[in-house]
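One structure is given below, encoded as structure tokens.
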Amino acid sequence: MSISVKKERVVSGKIIRISGPLVVADGMDKARMYDLVKVGSEGLVGEIIEMRSGRAFIQVYEATEGLRPKDEVLSTGAPLSVELGPGLLSSIYDGVERPLEILENLWGHYIVRGAEAPAISRDKKWHFEPAVKPGEVVSAGDIIGTVQETVNFQHRILVPHGIKAAKVVEIYEGNFTVEEVVCVVDVNGQKVELKMLSKWPVRIPRPYKRKLPPKEPLITGQRVVDTFFPITKGGTACVPGPFGSGKTVLQHQLAKWANGEVVVFVGCGERGNEMTDVLLEFPELQDPYTERPLLERTVLIANTSNMPVAAREASIYTGITIAEYFRDMGYDVTLQADSTSRWAEALREISGRLEEMPGEEGYPAYLASRLASFYERAGRVICEGSTDREGSVTAIGSVSPPGGDLSEPVVQATLRVVKVFWALEDRLAYERHFPAINWLNSYSLYDRAVAEYLNREVDEEYGSLVKEAMAILQKEDELKEIVRLVGMEALSGEERILLETARSIREDFLQQNAFNDRDSFTSLRKQYLMLKAIMDFYHRALEAYSQGRELEKILNASVRLKIARAKFIPEDEIDEIASIPKQTQEEIFA
């Protein structure tokens, strides 16, 4: 099940120049851009990224030490593609979809250059159950059968792109490998065999019928995200922040708790110890929705900073293509790239070796367009097929600007295309405020669509509560400057109540402990009740103060402790939070 790729005879050339991961070969007149090539006697994998007068400029995905001029280069006549089919979930790949666990078994802890292994096992048999019958007419994107890939995940086998109005001649039920024929269709009198294995070029977006506007939030259980800066299914988000601000922990939380059905996690140029933590922790994490290992609905792409730079550049395309594949089945997919700064640095290095004109800070002039083309592959769509089937890819990319400088090119180019900005700040992290998302610098352009959803599905006053709470946080920032210059005595009673309310929003609502079972995830209903309890105290405190009640007594009311501890109340006991406003009324006006 692959798109048609025109095969040419093998094109052979000779190396004339080697510059790090860039190899230049002569005699490649009939090769094409983005063709996959094998370089040298070890058959190192590379990709043609530029053609000049019969010379091919090749980025090699492995270390080029030992290559020499006049070594042979062979073009495969096909672009860099990924294998797609049953067996993707729970797998760990490198940036060009080589299965790391299998390579370790074959070559040990140190993978030799030129090592190859199929991304999807050719030996394992899967039980295929037909979804159509002989005589039915199918087209590209239609589901012809299913495979139960894991306990809770059904892998849907689709008719490949390019096939229209094909009549099912034969279809089989039983146990098959991914290379065995499971269906035969008639296309204009020609019989075409369909298998469970497919391939797709990573740099070409997979087709769909049409894109849909954002409608439903991606529920993450992180209060600062869901309530103040939400992202929708099919949305795009940027998570910039300096070293130590908690980007990776936030990405882990989103991977674990987001209500997407499939997670594709791309470790793009991250430090080896951080990627090791991911590889060790994910198999141990329990999926809160299925109570099965989280890895059963996850695909991991590990491309650490000590791996060849060229593979890093390809890794995010590998990830987004796998995500699109699951989207086409009708699933909601969360793609997380950590971090796109390392990808951009790989792009800069390759561009420099190509002797291209550098742009800002040495990045290539096409950095913004490459970032845009990546994020534009996210979205909520109507998938290909005879029936309307919705699927989505939500793209969340973390950015690691040097020194936390948000004005640097990768951050600015990313902000031009994404619609959610979670600004991580090391100051908050040092204060042990996690997630360390700055509520004054962050924003979400999905807030209106999500507010309509929250008002409809949770409570009709949810949206207005959020607006008022954000206004209080903004006002607090202004009052802090007055307090710093003049002192707390310069504030009125109403302003002191506002400051205390803002502190409660920050510490009791926005601050969240990822390692506490009761606080790690908060449902939308509980988030609403917590925020309502805080805002109800604010309104009643203002009313009591206006009636002449003592300010210190209002601010020291014991119900405030209950509001602070509401985050630790279990989800099945949140009615207790709903009773807090009544206790506030009784205590303040006693």
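The way I read the labels, and the way they are meant: chains A, B, ... in the order of the structure tokens, residue 1 as the first residue of every chain, and ligand 1 as the first ligand shown, with later ones counted on from there.
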
Write out as a tab-separated table a residue-level contact list of segment 110-140 of chain A versus segment 301-318 of chain A with cut-off 12 Å: for each qualifying residue the closest pair of atoms and the distance in Å to one decimal, counting only C-alpha atoms, rows sorted by chain and residue number upward.
residue	atom	partner	partner_atom	distance
A:Tyr110	CA	A:Met307	CA	11.6
A:Ile111	CA	A:Met307	CA	10.9
A:Arg113	CA	A:Pro308	CA	10.9
A:Ala119	CA	A:Ile301	CA	11.8

Residue neighbourhood Trp126 of chain A, 7 Å, only C-alpha atoms, exclusion window fewer than 6 positions, as a ChimeraX atom specification: /A:147,175-177

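With distances restricted to only C-alpha atoms, A:Asn152 is the closest residue to Pro293 of chain A from A:Thr414, A:Ser139, A:Ser546, A:Asn152.
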
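Nearest to Ala590 of chain A of all the residues A:Val137, A:Ile171, A:Ala557, A:Leu347 is A:Ala557, counting only C-alpha atoms.
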
Option closest in space to Ser12 of chain A, from A:Leu74, A:Leu424, A:Met51, A:Ile143 [counting only C-alpha atoms]: A:Leu74

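The interatomic distance for the pair atom CA of Val132 of chain A and atom CA of Val82 of chain A works out to 26.8 Å.
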